[in-house]
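work.cif, holding mmCIF, C-alpha atoms:
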```
data_start
#
loop_
_atom_site.label_atom_id
_atom_site.label_comp_id
_atom_site.auth_asym_id
_atom_site.auth_seq_id
_atom_site.Cartn_x
_atom_site.Cartn_y
_atom_site.Cartn_z
CA MET A 60 0.00 0.00 0.00
CA THR A 61 1.20 3.49 -0.78
CA ILE A 62 1.15 6.58 1.41
CA SER A 63 -1.72 8.79 0.30
CA ARG A 64 -1.62 12.54 -0.16
CA GLU A 65 -4.28 12.72 2.57
CA ALA A 66 -1.91 11.09 5.08
CA LEU A 67 1.07 13.22 4.02
CA ASP A 68 -1.00 16.38 4.40
CA MET A 69 -2.15 15.26 7.86
CA ALA A 70 1.43 14.51 8.89
CA ALA A 71 2.48 17.99 7.76
CA LYS A 72 -0.35 19.54 9.80
CA VAL A 73 0.65 17.50 12.85
CA GLU A 74 4.30 18.49 12.50
CA ALA A 75 3.46 22.18 12.22
CA PHE A 76 1.15 21.95 15.24
CA VAL A 77 3.73 20.17 17.38
CA ARG A 78 6.57 22.50 16.46
CA GLU A 79 4.61 25.75 16.70
CA THR A 80 2.06 25.08 19.47
CA VAL A 81 3.25 22.15 21.59
CA VAL A 82 6.99 22.78 21.87
CA PRO A 83 6.50 26.03 23.86
CA TYR A 84 4.71 23.93 26.52
CA GLU A 85 7.73 21.69 27.14
CA GLN A 86 8.80 23.75 30.15
CA ASP A 87 5.26 23.98 31.58
CA PRO A 88 5.47 23.14 35.32
CA ARG A 89 2.19 21.21 35.45
CA ARG A 90 3.69 17.80 36.20
CA ASP A 91 2.89 15.02 38.66
CA HIS A 92 5.16 13.52 41.33
CA HIS A 93 7.37 11.70 38.81
CA GLY A 94 7.44 14.38 36.13
CA ALA A 95 4.62 13.30 33.84
CA PRO A 96 2.28 16.00 32.51
CA THR A 97 -0.92 16.40 34.47
CA ASP A 98 -4.29 15.68 32.91
CA GLU A 99 -5.02 19.42 33.13
CA LEU A 100 -2.07 20.16 30.84
CA VAL A 101 -2.93 17.28 28.50
CA MET A 102 -6.54 18.36 28.09
CA GLU A 103 -5.50 21.96 27.47
CA LEU A 104 -3.23 20.80 24.66
CA ARG A 105 -5.93 18.52 23.25
CA GLU A 106 -8.34 21.41 22.96
CA LYS A 107 -5.72 23.18 20.88
CA ALA A 108 -5.22 20.04 18.79
CA ARG A 109 -8.97 19.74 18.28
CA ALA A 110 -9.13 23.34 17.08
CA ALA A 111 -6.19 22.72 14.72
CA GLY A 112 -7.79 19.60 13.26
CA VAL A 113 -5.02 17.23 14.46
CA LEU A 114 -6.67 15.40 17.36
CA THR A 115 -6.45 11.62 16.92
CA PRO A 116 -5.04 12.25 13.42
CA HIS A 117 -4.41 8.57 12.63
CA ILE A 118 -8.17 7.85 12.64
CA ARG A 119 -10.40 9.54 10.09
CA PRO A 120 -13.67 11.25 11.10
CA ASP A 121 -15.64 8.24 9.77
CA GLY A 122 -13.77 5.95 12.18
CA SER A 123 -11.54 4.29 9.58
CA HIS A 124 -7.81 4.04 10.25
CA PHE A 125 -5.00 5.11 7.98
CA ASN A 126 -2.91 2.13 6.95
CA GLN A 127 0.26 1.41 8.91
CA ARG A 128 2.63 3.14 6.48
CA GLU A 129 0.41 6.23 6.60
CA THR A 130 0.10 5.99 10.38
CA ALA A 131 3.90 5.97 10.57
CA VAL A 132 4.37 9.40 8.99
CA ILE A 133 1.65 10.82 11.26
CA LEU A 134 2.92 9.29 14.50
CA ILE A 135 6.53 10.22 13.76
CA ALA A 136 5.38 13.84 13.44
CA SER A 137 3.42 13.67 16.69
CA GLY A 138 6.52 12.34 18.48
CA LEU A 139 8.65 15.40 17.71
CA SER A 140 7.86 16.47 21.27
CA PRO A 141 7.20 14.19 24.26
CA LEU A 142 4.05 16.29 24.68
CA GLY A 143 3.10 16.03 21.02
CA MET A 144 1.76 12.49 21.19
CA LEU A 145 -0.33 13.41 24.25
CA ALA A 146 -1.64 16.57 22.61
CA CYS A 147 -2.59 14.72 19.41
CA ASN A 148 -3.94 11.63 21.23
CA THR A 149 -1.51 9.23 19.59
CA GLN A 150 0.19 8.11 22.82
CA ALA A 151 0.52 4.71 24.46
CA PRO A 152 -1.44 2.89 25.71
CA ASP A 153 -4.46 4.68 24.22
CA GLU A 154 -3.40 4.39 20.59
CA GLY A 155 -2.97 0.63 20.90
CA ASN A 156 -6.20 0.27 22.85
CA MET A 157 -8.08 2.21 20.18
CA TYR A 158 -6.60 -0.07 17.53
CA LEU A 159 -7.69 -3.19 19.42
CA LEU A 160 -11.20 -1.92 20.10
CA GLY A 161 -11.57 -0.85 16.49
CA HIS A 162 -10.69 -4.36 15.29
CA VAL A 163 -12.37 -6.56 17.90
CA GLY A 164 -15.04 -4.53 19.71
CA SER A 165 -18.76 -4.87 19.04
CA ALA A 166 -20.74 -1.86 17.89
CA ASP A 167 -22.04 -1.32 21.44
CA LEU A 168 -18.57 -1.52 22.99
CA LYS A 169 -17.20 0.87 20.40
CA ALA A 170 -19.93 3.41 21.12
CA ARG A 171 -19.46 3.16 24.87
CA PHE A 172 -15.68 2.80 25.25
CA LEU A 173 -13.96 3.62 21.96
CA ALA A 174 -15.77 6.85 21.07
CA PRO A 175 -14.60 8.82 24.14
CA LEU A 176 -11.04 7.64 23.53
CA VAL A 177 -11.09 8.76 19.91
CA GLU A 178 -12.56 12.08 21.03
CA GLY A 179 -9.58 12.51 23.35
CA ARG A 180 -11.77 13.11 26.40
CA VAL A 181 -10.56 10.16 28.47
CA ARG A 182 -7.49 7.99 28.98
CA SER A 183 -7.31 4.19 29.12
CA ALA A 184 -5.20 1.41 30.62
CA PHE A 185 -4.38 -2.13 29.47
CA PHE A 186 -4.25 -4.59 32.38
CA MET A 187 -2.08 -7.51 31.24
CA THR A 188 1.36 -7.54 32.92
CA GLU A 189 1.62 -9.04 36.40
CA PRO A 190 4.19 -8.77 39.24
CA SER A 191 7.20 -10.90 38.31
CA ASP A 192 8.19 -11.38 41.95
CA GLU A 193 4.86 -13.13 42.48
CA GLY A 194 5.30 -15.48 39.52
CA GLY A 195 2.89 -13.54 37.34
CA ALA A 196 2.85 -12.82 33.63
CA GLY A 197 5.50 -10.38 32.48
CA SER A 198 6.86 -10.89 29.00
CA ASP A 199 5.25 -14.36 29.01
CA PRO A 200 1.46 -13.88 29.18
CA SER A 201 0.93 -17.65 29.32
CA MET A 202 2.03 -17.40 32.98
CA MET A 203 -1.00 -15.23 33.77
CA GLN A 204 -2.36 -15.78 37.28
CA THR A 205 -5.25 -13.31 37.22
CA THR A 206 -8.42 -15.39 36.85
CA CYS A 207 -11.97 -14.88 35.65
CA ARG A 208 -14.95 -17.14 36.23
CA ARG A 209 -18.52 -17.01 34.99
CA ASP A 210 -21.20 -16.14 37.56
CA GLY A 211 -24.61 -15.89 35.91
CA ASN A 212 -24.56 -12.99 33.48
CA HIS A 213 -21.32 -11.62 34.97
CA TRP A 214 -17.66 -12.58 35.08
CA VAL A 215 -15.71 -12.23 38.33
CA VAL A 216 -12.03 -11.29 38.07
CA ASN A 217 -9.34 -11.62 40.75
CA GLY A 218 -5.60 -11.03 40.60
CA ARG A 219 -2.72 -8.59 40.62
CA LYS A 220 -1.31 -6.50 37.81
CA ALA A 221 1.92 -4.50 37.55
CA PHE A 222 3.35 -1.74 35.36
CA ILE A 223 -0.13 -0.78 34.19
CA THR A 224 0.55 2.38 32.27
CA GLY A 225 -1.90 5.20 32.90
CA ALA A 226 -4.07 3.27 35.38
CA GLU A 227 -4.16 6.23 37.75
CA GLY A 228 -6.64 8.65 36.20
CA ALA A 229 -7.84 6.32 33.43
CA LYS A 230 -11.56 6.08 32.65
CA VAL A 231 -11.46 3.01 30.37
CA GLY A 232 -9.79 -0.28 31.22
CA ILE A 233 -9.09 -3.43 29.22
CA VAL A 234 -8.59 -6.26 31.70
CA MET A 235 -7.00 -9.56 30.67
CA ALA A 236 -7.52 -12.68 32.79
CA LYS A 237 -7.20 -16.45 32.49
CA SER A 238 -10.54 -18.20 32.51
CA VAL A 239 -11.32 -20.95 35.04
CA ASP A 240 -14.68 -21.46 33.35
CA PRO A 241 -14.91 -24.89 31.63
CA ASP A 242 -16.54 -23.46 28.50
CA SER A 243 -13.49 -21.39 27.59
CA GLN A 244 -11.05 -24.27 28.20
CA GLY A 245 -8.69 -22.23 30.35
CA GLY A 246 -7.99 -19.59 27.70
CA ALA A 247 -7.56 -15.90 28.35
CA CYS A 248 -10.41 -13.38 28.18
CA MET A 249 -10.49 -9.61 27.77
CA PHE A 250 -13.05 -7.28 29.31
CA LEU A 251 -13.94 -3.60 29.00
CA VAL A 252 -14.50 -1.81 32.31
CA ASP A 253 -15.35 1.68 33.45
CA LEU A 254 -12.73 3.24 35.70
CA PRO A 255 -12.26 3.95 38.50
CA ASP A 256 -13.85 0.88 40.08
CA PRO A 257 -13.61 0.09 43.81
CA ALA A 258 -12.69 -3.52 42.96
CA ILE A 259 -9.53 -2.29 41.18
CA ARG A 260 -7.21 -0.87 43.83
CA ILE A 261 -4.04 1.01 42.91
CA ASP A 262 -1.41 -0.18 45.40
CA HIS A 263 1.63 1.70 44.20
CA VAL A 264 2.82 3.98 41.40
CA PRO A 265 6.63 3.84 41.32
CA ASN A 266 8.91 6.57 40.09
CA THR A 267 10.42 5.31 36.84
CA ILE A 268 13.12 6.42 34.42
CA ASP A 269 10.50 7.55 31.89
CA SER A 270 8.04 10.36 32.55
CA SER A 271 6.06 10.98 29.37
CA MET A 272 2.92 9.01 30.25
CA PRO A 273 0.30 10.42 32.65
CA GLY A 274 -0.65 8.07 35.46
CA GLY A 275 2.71 6.31 35.59
CA HIS A 276 2.98 2.52 35.71
CA ALA A 277 0.85 1.27 38.59
CA THR A 278 0.70 -1.97 40.52
CA VAL A 279 -2.94 -2.86 41.17
CA THR A 280 -5.00 -5.46 42.99
CA ILE A 281 -8.22 -6.71 41.40
CA ASP A 282 -10.55 -8.00 44.10
CA ASN A 283 -13.80 -9.66 42.99
CA LEU A 284 -14.32 -7.33 40.05
CA ARG A 285 -17.76 -8.10 38.61
CA ILE A 286 -18.08 -7.41 34.90
CA PRO A 287 -21.28 -7.85 32.85
CA ALA A 288 -20.86 -10.62 30.30
CA ASP A 289 -21.66 -8.26 27.42
CA GLN A 290 -18.50 -6.29 28.26
CA MET A 291 -16.25 -9.14 27.16
CA LEU A 292 -14.09 -8.08 24.26
CA GLY A 293 -14.51 -10.67 21.53
CA ASP A 294 -14.90 -14.32 22.45
CA ALA A 295 -14.07 -16.19 25.64
CA GLY A 296 -10.69 -17.93 25.53
CA GLU A 297 -9.35 -15.80 22.66
CA GLY A 298 -7.52 -13.21 24.77
CA PHE A 299 -4.00 -14.25 23.78
CA LYS A 300 -4.91 -13.93 20.11
CA TYR A 301 -6.35 -10.46 20.71
CA ALA A 302 -3.21 -9.50 22.64
CA GLN A 303 -1.18 -10.16 19.50
CA VAL A 304 -3.65 -8.13 17.43
CA ARG A 305 -2.84 -5.24 19.74
CA LEU A 306 0.84 -5.78 20.47
CA SER A 307 2.30 -6.18 16.97
CA PRO A 308 1.21 -2.73 15.71
CA ALA A 309 1.63 -1.23 19.19
CA ARG A 310 5.33 -2.14 19.23
CA LEU A 311 5.72 -0.50 15.85
CA SER A 312 3.82 2.58 17.02
CA HIS A 313 6.36 3.02 19.83
CA CYS A 314 9.08 2.95 17.19
CA MET A 315 7.26 5.61 15.19
CA ARG A 316 6.71 8.00 18.10
CA TRP A 317 10.22 7.74 19.51
CA LEU A 318 11.78 8.07 16.08
CA GLY A 319 10.08 11.48 16.07
CA GLY A 320 11.58 12.22 19.48
CA CYS A 321 15.07 11.25 18.31
CA ILE A 322 14.74 13.32 15.14
CA ARG A 323 14.07 16.34 17.34
CA ALA A 324 16.83 15.48 19.83
CA ASN A 325 19.26 15.20 16.93
CA GLU A 326 18.14 18.58 15.58
CA ILE A 327 18.89 20.11 18.98
CA ALA A 328 22.30 18.42 19.16
CA VAL A 329 23.18 19.54 15.62
CA ASP A 330 22.21 23.12 16.42
CA TYR A 331 24.30 23.00 19.60
CA ALA A 332 27.33 21.58 17.78
CA ASN A 333 27.17 24.31 15.12
CA ARG A 334 26.84 27.16 17.62
CA ARG A 335 29.26 26.00 20.31
CA MET A 336 32.95 26.93 19.98
CA ALA A 337 35.68 24.82 21.54
CA PHE A 338 39.45 24.88 21.05
CA GLY A 339 39.22 27.58 18.41
CA LYS A 340 36.57 26.08 16.12
CA GLN A 341 32.95 25.00 15.98
CA LEU A 342 32.24 21.86 17.94
CA ILE A 343 30.97 20.08 14.81
CA ASP A 344 34.37 20.55 13.16
CA HIS A 345 35.95 18.28 15.76
CA GLU A 346 35.98 14.81 14.24
CA GLY A 347 34.75 13.09 17.39
CA VAL A 348 31.59 15.22 17.40
CA GLY A 349 31.04 15.35 13.66
CA PHE A 350 31.31 11.59 13.37
CA MET A 351 28.69 11.06 16.09
CA LEU A 352 26.24 13.25 14.23
CA ALA A 353 27.06 11.46 10.97
CA GLU A 354 26.32 8.14 12.69
CA ASN A 355 23.03 9.62 13.86
CA MET A 356 22.10 10.35 10.25
CA ILE A 357 22.70 6.70 9.38
CA ASP A 358 20.76 5.32 12.35
CA LEU A 359 17.84 7.69 11.79
CA LYS A 360 17.52 6.58 8.16
CA GLN A 361 17.85 2.89 9.05
CA ALA A 362 15.15 3.25 11.74
CA GLU A 363 12.86 4.99 9.26
CA LEU A 364 13.34 2.25 6.68
CA MET A 365 12.80 -0.54 9.21
CA ILE A 366 9.55 1.08 10.37
CA ASP A 367 8.34 1.49 6.81
CA TRP A 368 9.19 -2.14 5.97
CA CYS A 369 7.39 -3.55 9.01
CA ALA A 370 4.40 -1.26 8.40
CA ALA A 371 4.18 -2.50 4.80
CA VAL A 372 4.11 -6.10 6.06
CA LEU A 373 1.29 -5.29 8.50
CA ASP A 374 -0.59 -3.58 5.68
CA THR A 375 -0.72 -6.89 3.80
CA GLY A 376 -2.98 -8.23 6.55
CA SER A 377 -0.26 -10.30 8.19
CA LEU A 378 -0.18 -10.36 11.98
CA GLY A 379 3.47 -9.37 11.62
CA THR A 380 4.73 -10.76 14.94
CA VAL A 381 8.15 -11.65 13.54
CA GLU A 382 8.49 -8.37 11.69
CA SER A 383 7.35 -6.28 14.67
CA SER A 384 9.85 -8.10 16.90
CA MET A 385 12.62 -7.34 14.41
CA ALA A 386 11.57 -3.70 14.22
CA LYS A 387 11.25 -3.40 18.01
CA VAL A 388 14.83 -4.64 18.47
CA ALA A 389 16.46 -2.80 15.57
CA VAL A 390 14.70 0.53 16.03
CA SER A 391 14.89 0.71 19.82
CA GLU A 392 18.61 -0.10 19.75
CA ALA A 393 19.24 2.46 17.01
CA LEU A 394 17.26 5.14 18.84
CA MET A 395 19.20 4.41 22.01
CA ARG A 396 22.46 5.04 20.17
CA ILE A 397 21.08 8.27 18.70
CA ALA A 398 19.82 9.59 22.04
CA ASP A 399 23.09 8.68 23.75
CA ARG A 400 25.14 10.49 21.12
CA CYS A 401 22.93 13.59 21.41
CA VAL A 402 23.58 13.73 25.14
CA GLN A 403 27.32 13.24 24.55
CA VAL A 404 27.53 15.94 21.90
CA MET A 405 25.88 18.45 24.23
CA GLY A 406 28.00 17.56 27.23
CA GLY A 407 26.78 19.04 30.50
CA THR A 408 23.83 20.73 28.80
CA GLY A 409 22.72 17.35 27.48
CA VAL A 410 22.05 15.96 30.95
CA THR A 411 19.96 18.92 32.10
CA ASP A 412 16.27 19.62 31.54
CA LYS A 413 17.15 22.72 29.53
CA THR A 414 16.17 20.76 26.42
CA ILE A 415 14.20 17.54 25.80
CA VAL A 416 17.38 15.63 24.95
CA GLU A 417 17.82 14.11 28.40
CA GLN A 418 14.13 13.12 28.52
CA VAL A 419 14.30 11.47 25.10
CA PHE A 420 17.33 9.50 26.35
CA ARG A 421 15.35 8.31 29.40
CA GLU A 422 12.24 7.49 27.42
CA VAL A 423 14.09 5.48 24.78
CA ARG A 424 15.95 3.56 27.47
CA ALA A 425 12.60 2.51 28.93
CA PHE A 426 11.29 1.72 25.43
CA ARG A 427 13.89 -1.05 25.16
CA ILE A 428 11.97 -2.87 27.92
CA TYR A 429 8.26 -2.25 27.51
CA ASP A 430 6.14 -4.27 25.08
CA GLY A 431 8.77 -6.98 25.41
CA PRO A 432 12.45 -6.37 26.21
CA THR A 433 15.02 -6.71 23.46
CA GLU A 434 16.20 -10.09 24.74
CA VAL A 435 12.71 -11.66 24.60
CA HIS A 436 12.30 -10.59 20.99
CA LYS A 437 15.77 -11.90 20.08
CA TRP A 438 14.91 -15.20 21.77
CA SER A 439 11.68 -15.40 19.79
CA LEU A 440 13.53 -14.67 16.56
CA ALA A 441 16.19 -17.25 17.38
CA LYS A 442 13.47 -19.88 17.77
CA LYS A 443 12.22 -18.97 14.30
CA VAL A 444 15.74 -19.35 12.92
CA LYS A 445 15.85 -22.85 14.41
CA ARG A 446 12.38 -23.76 13.08
CA ASP A 447 13.25 -22.53 9.60
CA TRP A 448 16.49 -24.51 9.62
CA ARG A 449 14.76 -27.69 10.74
CA HIS A 450 12.04 -27.21 8.12
CA GLY A 451 14.67 -26.73 5.41
CA HIS A 452 16.49 -29.88 6.52
CA GLY A 453 13.42 -32.08 6.81
CA GLY A 454 13.33 -31.96 10.62
#
```

As structure tokens, what does this structure read like?
Amino acid sequence: MTISREALDMAAKVEAFVRETVVPYEQDPRRDHHGAPTDELVMELREKARAAGVLTPHIRPDGSHFNQRETAVILIASGLSPLGMLACNTQAPDEGNMYLLGHVGSADLKARFLAPLVEGRVRSAFFMTEPSDEGGAGSDPSMMQTTCRRDGNHWVVNGRKAFITGAEGAKVGIVMAKSVDPDSQGGACMFLVDLPDPAIRIDHVPNTIDSSMPGGHATVTIDNLRIPADQMLGDAGEGFKYAQVRLSPARLSHCMRWLGGCIRANEIAVDYANRRMAFGKQLIDHEGVGFMLAENMIDLKQAELMIDWCAAVLDTGSLGTVESSMAKVAVSEALMRIADRCVQVMGGTGVTDKTIVEQVFREVRAFRIYDGPTEVHKWSLAKKVKRDWRHGHGG
């Protein structure tokens, strides 16, 4: 699939909005205890995005989505500021949750839960990961200990969840649990819930290295949460399949957004290197600095091409789990190198909050872990290498 003029025009509008309207807000003091923007600041920016015609720009007014290649150019533009994705409503986990609801949700669930998300009036949370120190599901959802059982026309959910991004302050929740009901044969189920709910208790919101996502990454206890049966997302026992529907494009979306962040960080580093004098010449004329910025050019282009390739695969209708794993590893590692070089080029200034460079460095470091750490994806790819070899040798 090609990238339409409609998508390119939208990406240009998003870029102009982020650079001209959002960037001046980067020093706004409205932040929570771990540095994330408050909902007050986010909603103020969203009103400006709504007025500019760039709110939820990856979804058309009729509810249809741009294809993945088109989404890429739009999300990259929204990521030019850590606040840009929040202002435009393209941030995690909401963007991935909107994608999942759009593909799996019934008409009633879309009207009740998806519409307010698309309108940018509420935030959401995806309750899948569990505390690893309690033996729960981290990168391996098959280890899920949170359970659900049928009780009349309701399901009852019990368990613990960890690193639930945006849970504090969210109004929409997608809860994943392993069924103990015989009819679903022990498979996983997904449910839509209104938040807050007294049966979902936030135990702790840790301070983390990243700070771009409102609500942080909470640990929660789910205690006898009763959910009407008609709020199940899709079919009972199909939760793991739906998780892949969400996670493959969601991993790629992270790559898109943080490529935008690294493009901007590199622009700041380049500007600094051309203005700063050291030892009688511009900083960029020192080989050590110039070479780092040259390497950034290479990594930025390689990340862009990897994103476009994976997006094209997803646009064929493939689930793209292998391709999204490859992109997640390659792009996150490349962006880490870029962000690190930007900090190094700027020296002491690069580790201060005078610019977004230090935040982009922190955010990309966290990105190498969430939605599956690099090592899990490499392990998954290595298993495919082995399977392909055995298939080719008649094994």

*So which residues get picked by the PyMOL selection byres ((chain A and resi 342) around 12) here, written as number ranges by chain?*
A: 328-341, 343-352, 403-406

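With CA of Glu227 in chain A on one side and CA of Asp262 in chain A on the other, the separation reads 10.4 Å.
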
*Specify as a PyMOL selection string each residue included when the PyMOL selection byres ((chain A and resi 133-141) around 8) is applied to this file.*
chain A and resi 66-67+69-71+73-74+77-78+81-82+85+116-117+129-132+142-145+147+149+271+312+315-323+415+419

*Coordinates-based distance that separates CA of Tyr84 in chain A from CA of Ala324 in chain A (Å, one decimal)*: 16.2 Å

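CA of Gly274 in chain A is positioned 22.6 Å from CA of Val216 in chain A.
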
*asked:* With distances taken over all atoms listed in the file, which residue among A:Ala174, A:Val444, A:Ile259, A:Val252 lies nearest Ala277 in chain A?
replied: A:Ile259

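Of the residues listed (A:Ile62, A:Val390, A:Ala110, A:Ile357), A:Ile357 shows the shortest atom-to-atom separation from Asn325 in chain A; distances use only C-alpha atoms.
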
_Neighbour list for range 428-441 of chain A as number ranges by chain, cut-off 6 Å, only C-alpha atoms, skip fewer than 3 positions in-chain_ = A: 198, 384, 388, 425, 444

_Option closest in space to Ile327 in chain A, from A:Thr408, A:Ser63, A:Gln127, A:Ser165 [counting only C-alpha atoms]_ = A:Thr408

*Quick one: which residues end up in the PyMOL selection byres ((chain A and resi 231) around 8) for this structure, as an MDAnalysis selection string?*
chainID A and resid 172 181:184 229:230 232:233 251:254

*asked:* Measuring between only C-alpha atoms, which one of A:Gly409, A:Gly275, A:Pro255, A:Cys248 shows the shortest distance to Arg90 in chain A?
replied: A:Gly275

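Remark: for Ala295 in chain A, the closest of the candidate residues A:Val381, A:Cys207, A:Met365, A:Met395 is A:Cys207 (distances computed over all atoms listed in the file).
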
*So, counting only C-alpha atoms, which residue among A:Leu311, A:Met102, A:Ile223, A:Cys369 is closest to Thr280 in chain A?*
A:Ile223

_Residues near Arg396 in chain A, anyone? I mean within 10 Å using all atoms listed in the file, not counting same-chain ones fewer than 2 positions away, as a ChimeraX atom specification._
/A:321,351,354-355,358-359,390-394,398-401,420,423-424

With 5 Å on each side, where is the centre of the axis-aligned box around all listed atoms of range 109-116 of chain A, and how long are its edges in Å to one decimal, as AutoDock Vina command-line options?
```
--center_x -7.1 --center_y 17.5 --center_z 15.8 --size_x 14.1 --size_y 21.7 --size_z 15.0
```

_Env of Asp167 in chain A: 10 Å cut, atoms = all atoms listed in the file, seq-sep filter 6 positions within chain, self excluded. Answer as number ranges by chain._
A: 173, 289-290
